[in-house]
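Undergrad: Hey, dropping run-v2.txt in here, compact mmCIF, C-alpha atoms and all ligand atoms:
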```txt
# COMPACT_ATOMS: atom_id res chain seq x y z
CA MET C 406 -10.60 -13.00 43.29
CA ILE C 407 -9.37 -10.33 40.93
CA PRO C 408 -6.24 -11.43 39.02
CA ALA C 409 -2.95 -9.73 39.88
CA VAL C 410 -3.07 -8.14 36.42
CA LEU C 411 -6.16 -5.91 36.13
CA PRO C 412 -8.47 -7.93 33.86
CA THR C 413 -9.14 -5.29 31.20
CA TYR C 414 -7.94 -7.48 28.31
CA ASN C 415 -9.52 -10.49 26.61
CA ARG C 416 -6.33 -12.41 26.09
CA ALA C 417 -5.81 -15.39 23.80
CA PRO C 418 -4.54 -18.45 25.71
CA VAL C 419 -1.04 -18.36 24.24
CA THR C 420 2.28 -17.03 25.57
CA PHE C 421 5.13 -16.12 23.27
CA VAL C 422 8.73 -16.30 24.40
CA ARG C 423 10.63 -15.17 21.32
CA GLY C 424 10.19 -13.65 17.91
CA GLU C 425 12.13 -13.52 14.70
CA GLY C 426 10.93 -11.65 11.61
CA SER C 427 7.32 -12.61 10.91
CA TRP C 428 7.38 -15.54 13.36
CA LEU C 429 6.63 -15.90 17.06
CA THR C 430 7.59 -18.91 19.16
CA ALA C 431 5.27 -20.03 21.97
CA GLU C 432 6.26 -21.53 25.32
CA ASP C 433 5.77 -25.06 23.97
CA GLY C 434 8.17 -24.35 21.09
CA SER C 435 5.48 -24.14 18.39
CA ARG C 436 5.75 -21.30 15.86
CA TYR C 437 3.07 -18.86 14.76
CA LEU C 438 3.03 -16.70 11.64
CA ASP C 439 2.34 -13.16 12.83
CA LEU C 440 -0.11 -11.19 10.69
CA GLY C 441 -0.94 -8.86 13.56
CA ALA C 442 2.53 -7.45 14.24
CA GLY C 443 1.53 -6.36 17.74
CA ILE C 444 -1.33 -4.32 16.17
CA ALA C 445 0.81 -2.67 13.46
CA VAL C 446 3.65 -1.98 15.91
CA ASN C 447 6.31 -4.48 14.84
CA ALA C 448 6.57 -2.82 11.43
CA LEU C 449 9.90 -4.54 10.73
CA GLY C 450 8.98 -7.82 12.39
CA HIS C 451 10.47 -9.21 15.57
CA ALA C 452 14.10 -8.80 16.64
CA HIS C 453 15.19 -7.01 13.46
CA PRO C 454 19.02 -7.06 13.68
CA ALA C 455 19.41 -3.35 12.86
CA LEU C 456 16.89 -2.38 15.57
CA VAL C 457 18.44 -4.71 18.13
CA ALA C 458 21.80 -3.10 17.36
CA ALA C 459 20.43 0.46 17.61
CA LEU C 460 18.79 -0.32 20.95
CA THR C 461 21.69 -2.19 22.53
CA GLU C 462 24.29 0.33 21.37
CA GLN C 463 22.29 3.15 22.92
CA ALA C 464 21.55 1.07 26.05
CA GLN C 465 25.27 0.78 26.73
CA LYS C 466 25.75 4.53 26.50
CA LEU C 467 22.80 6.36 28.04
CA TRP C 468 19.17 5.47 28.78
CA HIS C 469 17.60 8.65 30.06
CA VAL C 470 18.52 12.23 30.79
CA SER C 471 15.08 14.00 30.77
CA ASN C 472 14.05 16.82 28.51
CA LEU C 473 15.96 19.28 30.69
CA TYR C 474 18.86 18.65 28.30
CA ARG C 475 19.41 18.37 24.58
CA ILE C 476 18.94 14.85 23.21
CA PRO C 477 20.82 14.36 19.92
CA GLN C 478 18.91 11.18 19.01
CA GLN C 479 15.66 13.15 19.37
CA GLU C 480 16.95 15.99 17.20
CA ALA C 481 18.13 13.55 14.52
CA LEU C 482 14.76 11.77 14.39
CA ALA C 483 12.84 15.06 14.35
CA GLU C 484 15.00 16.38 11.51
CA ARG C 485 14.46 13.20 9.53
CA LEU C 486 10.67 13.35 10.02
CA VAL C 487 10.61 17.03 9.07
CA ALA C 488 12.63 16.23 5.94
CA GLU C 489 10.26 13.43 4.93
CA THR C 490 6.92 15.16 5.58
CA PHE C 491 4.78 18.32 5.56
CA ALA C 492 5.89 19.05 9.12
CA ASP C 493 8.17 21.80 10.42
CA THR C 494 8.42 20.54 13.99
CA VAL C 495 7.96 17.38 16.08
CA PHE C 496 7.13 16.57 19.71
CA PHE C 497 7.83 13.04 20.95
CA THR C 498 5.50 11.03 23.17
CA ASN C 499 5.45 7.43 24.37
CA SER C 500 2.13 6.45 22.83
CA GLY C 501 -0.64 7.32 20.42
CA THR C 502 -2.89 8.44 23.24
CA GLU C 503 -0.37 11.02 24.35
CA ALA C 504 -0.09 12.19 20.75
CA LEU C 505 -3.86 12.77 20.75
CA GLU C 506 -3.57 14.77 23.96
CA LEU C 507 -1.02 17.11 22.42
CA ALA C 508 -2.89 17.37 19.11
CA VAL C 509 -5.93 18.64 21.03
CA LYS C 510 -3.89 21.00 23.21
CA MET C 511 -1.99 22.34 20.20
CA ALA C 512 -5.17 23.09 18.26
CA ARG C 513 -6.78 24.87 21.19
CA ARG C 514 -3.67 26.81 22.07
CA HIS C 515 -3.25 27.90 18.44
CA PHE C 516 -6.59 29.74 18.54
CA PHE C 517 -6.04 30.97 22.10
CA GLU C 518 -2.83 32.69 20.99
CA ALA C 519 -4.62 33.99 17.88
CA GLY C 520 -7.13 35.77 20.14
CA GLN C 521 -9.96 33.36 19.30
CA PRO C 522 -10.27 31.23 22.44
CA GLU C 523 -13.89 30.44 21.51
CA ARG C 524 -12.52 28.28 18.69
CA HIS C 525 -11.92 25.17 20.77
CA GLU C 526 -14.22 22.53 19.26
CA ILE C 527 -12.91 19.51 17.39
CA ILE C 528 -15.00 17.65 14.83
CA ALA C 529 -14.32 13.90 14.85
CA PHE C 530 -15.83 10.85 13.17
CA GLU C 531 -17.99 8.01 14.43
CA GLY C 532 -16.12 4.70 14.60
CA ALA C 533 -12.84 6.49 15.29
CA PHE C 534 -10.21 5.39 17.78
CA HIS C 535 -7.69 7.84 19.18
CA GLY C 536 -6.63 6.15 22.43
CA ARG C 537 -7.94 5.57 25.95
CA SER C 538 -7.39 8.74 27.96
CA ILE C 539 -10.41 10.87 28.82
CA ALA C 540 -9.58 13.29 25.99
CA ALA C 541 -9.04 10.38 23.59
CA ILE C 542 -12.32 8.61 24.39
CA SER C 543 -14.14 11.95 24.39
CA SER C 544 -12.73 12.71 20.96
CA ALA C 545 -13.73 9.34 19.48
CA GLY C 546 -17.05 9.07 21.31
CA GLY C 547 -19.07 5.89 21.03
CA GLU C 548 -20.71 3.77 23.72
CA LYS C 549 -18.05 1.06 23.75
CA LEU C 550 -15.20 3.41 24.70
CA THR C 551 -17.05 5.89 26.88
CA ARG C 552 -19.64 3.92 28.88
CA GLY C 553 -19.31 4.59 32.60
CA PHE C 554 -16.59 7.20 32.24
CA ALA C 555 -18.73 10.34 32.29
CA PRO C 556 -18.33 13.23 32.57
CA LEU C 557 -16.46 13.26 29.29
CA LEU C 558 -14.42 16.20 28.12
CA PRO C 559 -16.53 18.80 26.33
CA GLY C 560 -15.56 20.31 22.99
CA PHE C 561 -15.88 17.32 20.65
CA VAL C 562 -18.52 17.04 17.93
CA HIS C 563 -19.14 13.70 16.25
CA VAL C 564 -20.31 13.17 12.69
CA PRO C 565 -20.88 9.97 10.69
CA PHE C 566 -17.71 8.58 9.10
CA ALA C 567 -16.77 10.14 5.76
CA ASP C 568 -19.93 12.29 5.69
CA ILE C 569 -18.80 15.61 4.21
CA GLU C 570 -22.23 17.25 4.48
CA ALA C 571 -22.33 16.40 8.18
CA VAL C 572 -18.90 18.02 8.56
CA ARG C 573 -20.15 21.20 6.86
CA ALA C 574 -23.23 21.24 9.11
CA ALA C 575 -21.08 20.77 12.23
CA LEU C 576 -18.67 23.60 11.37
CA SER C 577 -19.19 26.77 13.36
CA GLU C 578 -17.36 29.79 14.73
CA ARG C 579 -16.31 27.48 17.60
CA THR C 580 -14.52 24.94 15.35
CA ALA C 581 -10.78 24.63 15.93
CA ALA C 582 -9.96 21.41 14.11
CA ILE C 583 -11.15 18.38 12.21
CA LEU C 584 -9.65 15.08 13.41
CA ILE C 585 -9.63 11.97 11.21
CA GLU C 586 -7.81 8.67 10.68
CA PRO C 587 -7.10 8.44 6.92
CA ILE C 588 -7.90 4.75 7.42
CA GLN C 589 -9.87 3.80 10.52
CA GLY C 590 -8.04 0.92 12.20
CA GLU C 591 -9.94 -0.22 15.29
CA GLY C 592 -13.12 0.91 13.52
CA GLY C 593 -12.71 -1.91 11.00
CA ILE C 594 -10.14 -0.91 8.33
CA ARG C 595 -12.38 1.76 6.85
CA PRO C 596 -10.48 4.04 4.42
CA ALA C 597 -11.55 7.66 4.13
CA PRO C 598 -11.93 8.29 0.39
CA ASP C 599 -9.16 10.46 -1.09
CA ALA C 600 -11.83 12.91 -2.27
CA LEU C 601 -13.04 13.32 1.32
CA LEU C 602 -9.55 14.11 2.61
CA ARG C 603 -9.18 16.69 -0.18
CA GLU C 604 -12.55 18.26 0.66
CA LEU C 605 -11.62 18.42 4.34
CA ARG C 606 -8.40 20.20 3.35
CA GLU C 607 -10.41 22.72 1.31
CA ILE C 608 -12.86 23.34 4.13
CA CYS C 609 -9.97 23.86 6.55
CA ASP C 610 -8.21 26.25 4.18
CA GLU C 611 -11.39 28.29 3.68
CA THR C 612 -12.13 28.59 7.40
CA GLY C 613 -8.65 28.55 8.96
CA THR C 614 -9.56 25.30 10.72
CA LEU C 615 -6.70 22.94 11.57
CA LEU C 616 -6.71 19.49 9.95
CA ILE C 617 -5.44 16.71 12.21
CA PHE C 618 -4.64 13.28 10.78
CA ASP C 619 -4.33 10.37 13.19
CA GLU C 620 -1.79 8.14 11.43
CA VAL C 621 -0.95 6.13 14.54
CA GLN C 622 -2.02 2.90 12.83
CA CYS C 623 -1.99 3.71 9.10
CA GLY C 624 1.31 5.64 9.07
CA MET C 625 4.97 4.57 8.90
CA GLY C 626 4.82 2.73 5.60
CA ARG C 627 1.76 0.65 6.43
CA THR C 628 -0.11 1.65 3.25
CA GLY C 629 2.93 1.66 0.96
CA ARG C 630 3.66 5.38 1.35
CA LEU C 631 5.49 6.70 4.41
CA PHE C 632 2.16 8.23 5.51
CA ALA C 633 -1.29 7.22 4.26
CA HIS C 634 -2.42 10.77 3.46
CA GLU C 635 0.24 11.00 0.74
CA TRP C 636 -2.04 8.88 -1.49
CA ALA C 637 -4.67 11.65 -1.40
CA GLY C 638 -2.19 14.40 -2.26
CA VAL C 639 -3.10 16.56 0.73
CA THR C 640 -1.29 17.28 3.96
CA PRO C 641 -2.60 17.92 7.47
CA ASP C 642 -1.60 20.74 9.82
CA ILE C 643 -1.02 18.31 12.70
CA MET C 644 -0.37 14.57 12.54
CA MET C 645 -0.28 11.90 15.25
CA VAL C 646 2.17 9.03 14.83
CA ALA C 647 2.98 6.07 17.12
CA LYS C 648 2.78 2.25 16.81
CA GLY C 649 5.12 1.42 13.87
CA ILE C 650 7.55 4.27 14.47
CA GLY C 651 9.13 2.51 17.47
CA GLY C 652 9.10 -0.94 15.85
CA GLY C 653 8.06 -2.32 19.27
CA PHE C 654 9.79 0.21 21.50
CA PRO C 655 7.23 2.67 22.96
CA LEU C 656 7.39 5.86 20.89
CA GLY C 657 4.91 8.35 19.51
CA ALA C 658 5.10 11.75 17.90
CA VAL C 659 3.08 14.80 16.95
CA LEU C 660 4.20 16.41 13.72
CA ALA C 661 3.00 19.92 12.91
CA THR C 662 3.43 22.92 10.70
CA GLU C 663 4.98 26.04 12.17
CA ARG C 664 1.60 27.80 11.96
CA ALA C 665 -0.32 25.07 13.79
CA ALA C 666 2.34 24.79 16.49
CA ALA C 667 2.60 28.53 17.08
CA GLY C 668 1.02 28.38 20.54
CA MET C 669 3.29 25.65 21.90
CA THR C 670 6.01 27.74 23.47
CA ALA C 671 8.42 26.77 26.28
CA GLY C 672 6.56 25.48 29.33
CA THR C 673 3.24 24.74 27.59
CA HIS C 674 3.78 20.98 27.28
CA GLY C 675 6.21 18.27 28.29
CA SER C 676 6.85 14.62 29.03
CA THR C 677 9.28 12.83 31.32
CA TYR C 678 10.02 9.97 28.97
CA GLY C 679 8.87 11.31 25.61
CA GLY C 680 11.70 11.23 23.09
CA ASN C 681 14.18 9.52 25.35
CA PRO C 682 17.49 8.35 23.83
CA LEU C 683 16.55 4.66 23.65
CA ALA C 684 13.24 5.28 21.92
CA CYS C 685 14.68 7.80 19.48
CA ALA C 686 17.72 5.66 18.60
CA VAL C 687 15.32 2.88 17.59
CA GLY C 688 12.83 5.27 15.96
CA LEU C 689 15.54 6.80 13.80
CA LYS C 690 16.62 3.38 12.53
CA VAL C 691 13.00 2.36 11.86
CA THR C 692 12.38 5.60 9.97
CA GLU C 693 15.58 5.30 7.92
CA ILE C 694 14.62 1.79 6.81
CA ILE C 695 10.94 2.47 6.06
CA ALA C 696 11.38 5.86 4.36
CA ASP C 697 13.70 4.31 1.76
CA PRO C 698 11.77 4.42 -1.57
CA ALA C 699 13.05 0.94 -2.45
CA PHE C 700 11.60 -0.42 0.81
CA LEU C 701 8.24 1.26 0.17
CA ALA C 702 8.19 -0.11 -3.39
CA GLU C 703 8.57 -3.59 -1.90
CA VAL C 704 5.72 -2.92 0.55
CA ASN C 705 3.51 -2.04 -2.43
CA ARG C 706 4.53 -5.11 -4.39
CA LYS C 707 3.89 -7.40 -1.43
CA ALA C 708 0.61 -5.64 -0.71
CA GLY C 709 -0.49 -6.52 -4.25
CA LEU C 710 0.38 -10.19 -3.67
CA LEU C 711 -1.37 -10.34 -0.32
CA ARG C 712 -4.46 -8.50 -1.51
CA GLN C 713 -4.83 -10.72 -4.57
CA GLY C 714 -4.52 -13.78 -2.35
CA LEU C 715 -7.09 -12.47 0.11
CA GLU C 716 -9.51 -11.66 -2.74
CA GLY C 717 -9.13 -15.30 -3.82
CA LEU C 718 -9.79 -16.42 -0.24
CA VAL C 719 -13.00 -14.38 -0.12
CA ALA C 720 -14.11 -15.87 -3.45
CA SER C 721 -13.47 -19.44 -2.31
CA HIS C 722 -14.99 -18.98 1.17
CA ASP C 723 -17.92 -16.68 0.48
CA ALA C 724 -19.85 -18.07 3.44
CA VAL C 725 -17.06 -16.95 5.79
CA PHE C 726 -15.87 -13.69 4.20
CA GLU C 727 -17.68 -10.82 2.54
CA GLU C 728 -14.89 -8.58 1.21
CA VAL C 729 -11.31 -7.35 1.48
CA ARG C 730 -10.80 -3.70 2.37
CA GLY C 731 -7.95 -1.36 3.24
CA ALA C 732 -4.72 -0.30 1.54
CA GLY C 733 -1.16 -1.57 1.35
CA LEU C 734 -0.42 -3.98 4.19
CA MET C 735 -3.30 -2.56 6.28
CA LEU C 736 -6.01 -4.95 5.15
CA GLY C 737 -9.28 -6.13 6.62
CA LEU C 738 -11.43 -9.16 5.95
CA LYS C 739 -15.07 -8.29 6.50
CA CYS C 740 -16.59 -11.51 7.84
CA ARG C 741 -19.98 -13.15 7.47
CA VAL C 742 -19.32 -15.42 10.46
CA SER C 743 -18.13 -13.89 13.75
CA ASN C 744 -14.71 -12.26 13.35
CA ALA C 745 -13.73 -13.68 16.76
CA ASP C 746 -14.32 -17.20 15.38
CA VAL C 747 -12.07 -16.44 12.39
CA VAL C 748 -9.28 -15.18 14.66
CA SER C 749 -9.65 -18.31 16.85
CA ALA C 750 -9.63 -20.61 13.83
CA GLY C 751 -6.41 -18.85 12.85
CA TYR C 752 -4.84 -19.69 16.23
CA ALA C 753 -5.55 -23.37 15.52
CA GLN C 754 -3.60 -22.99 12.23
CA HIS C 755 -0.86 -21.07 14.05
CA ILE C 756 -1.54 -17.79 12.32
CA LEU C 757 -2.19 -14.53 14.19
CA THR C 758 -4.69 -11.89 13.06
CA VAL C 759 -6.42 -9.07 14.96
CA PRO C 760 -10.15 -8.43 15.33
CA ALA C 761 -11.61 -4.96 14.72
CA ALA C 762 -15.05 -3.36 14.91
CA ASP C 763 -17.59 -3.90 12.11
CA ASN C 764 -16.94 -7.68 12.25
CA VAL C 765 -13.58 -7.31 10.54
CA VAL C 766 -10.39 -9.35 10.92
CA ARG C 767 -7.29 -7.20 10.49
CA VAL C 768 -4.32 -8.42 8.47
CA LEU C 769 -1.33 -6.26 9.45
CA PRO C 770 1.84 -8.22 8.75
CA PRO C 771 5.35 -6.91 9.29
CA LEU C 772 6.14 -4.64 6.32
CA ASN C 773 9.16 -6.81 5.49
CA ILE C 774 7.20 -10.08 5.33
CA SER C 775 8.62 -12.31 2.56
CA ASP C 776 6.78 -13.62 -0.50
CA GLU C 777 7.08 -17.16 0.88
CA GLU C 778 5.56 -16.06 4.18
CA ILE C 779 2.67 -14.40 2.32
CA ALA C 780 2.02 -17.68 0.49
CA GLU C 781 2.21 -19.58 3.79
CA ALA C 782 -0.15 -17.07 5.44
CA LEU C 783 -2.72 -17.47 2.66
CA ALA C 784 -2.55 -21.28 2.97
CA ARG C 785 -3.09 -21.07 6.73
CA LEU C 786 -5.97 -18.59 6.39
CA ASP C 787 -7.50 -20.90 3.79
CA ALA C 788 -7.30 -23.80 6.26
CA ALA C 789 -8.75 -21.61 9.02
CA ALA C 790 -11.67 -20.58 6.82
CA ALA C 791 -12.26 -24.18 5.72
CA SER C 792 -12.48 -25.22 9.37
CA LEU C 793 -15.41 -22.80 9.83
CA ALA C 794 -17.47 -23.93 6.84
C1 LIG R 801 -3.57 2.53 18.69
C2 LIG R 801 -4.13 3.83 18.25
C3 LIG R 801 -4.12 4.96 19.10
C4 LIG R 801 -3.66 4.89 20.53
O1 LIG R 801 -2.32 4.54 20.63
P1 LIG R 801 -1.73 3.99 22.02
O2 LIG R 801 -0.26 3.87 21.74
O3 LIG R 801 -2.42 2.71 22.31
O4 LIG R 801 -2.00 5.01 23.06
C5 LIG R 801 -4.58 6.15 18.59
N1 LIG R 801 -5.03 6.25 17.33
C6 LIG R 801 -5.06 5.20 16.50
C7 LIG R 801 -5.55 5.37 15.10
C8 LIG R 801 -4.62 3.95 16.93
O5 LIG R 801 -4.67 2.89 16.12
```
Please re-express this file's structure in structure tokens.

TA:
Amino acid sequence: MIPAVLPTYNRAPVTFVRGEGSWLTAEDGSRYLDLGAGIAVNALGHAHPALVAALTEQAQKLWHVSNLYRIPQQEALAERLVAETFADTVFFTNSGTEALELAVKMARRHFFEAGQPERHEIIAFEGAFHGRSIAAISSAGGEKLTRGFAPLLPGFVHVPFADIEAVRAALSERTAAILIEPIQGEGGIRPAPDALLRELREICDETGTLLIFDEVQCGMGRTGRLFAHEWAGVTPDIMMVAKGIGGGFPLGAVLATERAAAGMTAGTHGSTYGGNPLACAVGLKVTEIIADPAFLAEVNRKAGLLRQGLEGLVASHDAVFEEVRGAGLMLGLKCRVSNADVVSAGYAQHILTVPAADNVVRVLPPLNISDEEIAEALARLDAAAASLA
């Protein structure tokens, strides 16, 4: 008989009942060190006091009014994001998938309003992940996401990851946008080289094409800058954000320049819940904490500690691990044994990691993990690796 919950997830046999900082407590009272952070969502760990306060204060005042009315929390968060980034304007969603949907609509509508409706194609990269809606799986392509869901949405062209010549070959008078994760997350913590992001920016400037960065996983301080593309010194025209921005409360956003957003006039898009007062109260607090340069400096310092430790782990367990990849606190261990076995061995040591494609184990701790917790995590990963030898 089919379970009451649709069985689309391969769940680990563990149930958590509370969380505090980098730790989760299971039903039996045992504690797990969380290096997955709900897949880069719990950017400030579990039950951060300032986020609990922001949420409960708002919950006592007003939960929902709809976007028929002005929402001050939404305006405050949008203004903060505009102040911190390339963007002139922000639309709030509840998820990364919905951010993808708007990014696609915005790009197409931009050229429609410019009198070039034939420019509707989006070039995307193999191994990408942009969500699970039909547009999102059509944009990412790939057998694993799309099998059995045809007909897919037309208008997406796929090129090998980080292949600039393939991008040039795919460009045409139909191209509206290029869509890329500065660091592929689900694809296996694969960073796009800075030089590639700069070349994409040049190509887009030369041809009027819109550049869309999907920073749903790599954004919000994850790499040690507020957004990952800052390392490359280029900005997109449209950017998708979600995961970390809500710190665990569902929230996503599309950030855009005035030019890119020109087609999105009143009535062209909307959302019942997107940008509701609860989500935005939490999102504003998350953003205030993470955008603080002192906080980001700490993320970079801790990232150095963790990376050095993981490099040591790879050196001492070279039959289990091949290499460390990624940036900041968005790290991946490329495995020689099955990544699923490494994640399972971690459960036995009460440490949580997340598998990704390309036989990679993702290490995505809360951004405010302590030095002691990093040391403890490395000891537990060492024990997990030893158990596989
Ligand atoms: C998780 C993710 C998404 C989809 O976000 P949801 O909130 O699950 O809809 C899109 N893009 C990237 C890069 C992601 O990591």

Undergrad: Work out how far apart CA of Val639 in chain C and CA of Thr662 in chain C are and give it in Å to one decimal.

TA: 13.5 Å

Undergrad: When the cut-off is 10 Å and you count only C-alpha atoms and all ligand atoms, which residues lie near ligand LIG 801 (chain R), shown as number ranges by chain?

TA: C: 444-446, 498-506, 533-538, 541-542, 545, 585-592, 618-624, 645-649, 655-657

Undergrad: Record the distance separating CA of Ala600 in chain C and CA of Ile569 in chain C, expressed in Å with one decimal.

TA: 9.9 Å

Undergrad: What separation in Å, quoted to one decimal, exists between CA of Ile756 in chain C and CA of Leu772 in chain C?

TA: 16.4 Å

Undergrad: Neighbouring residues of Trp428 in chain C were defined as those with any atom within 9 Å, considering all atoms listed in the file; residues of the same chain fewer than 4 positions away were excluded. Please report them as a list of chain:residue names.

TA: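 Skipping anything fewer than 4 positions along the chain leaves C:Arg423, C:Gly424, C:Arg436, C:Tyr437, C:Leu438, C:Asp439, C:Gly450, C:His451.
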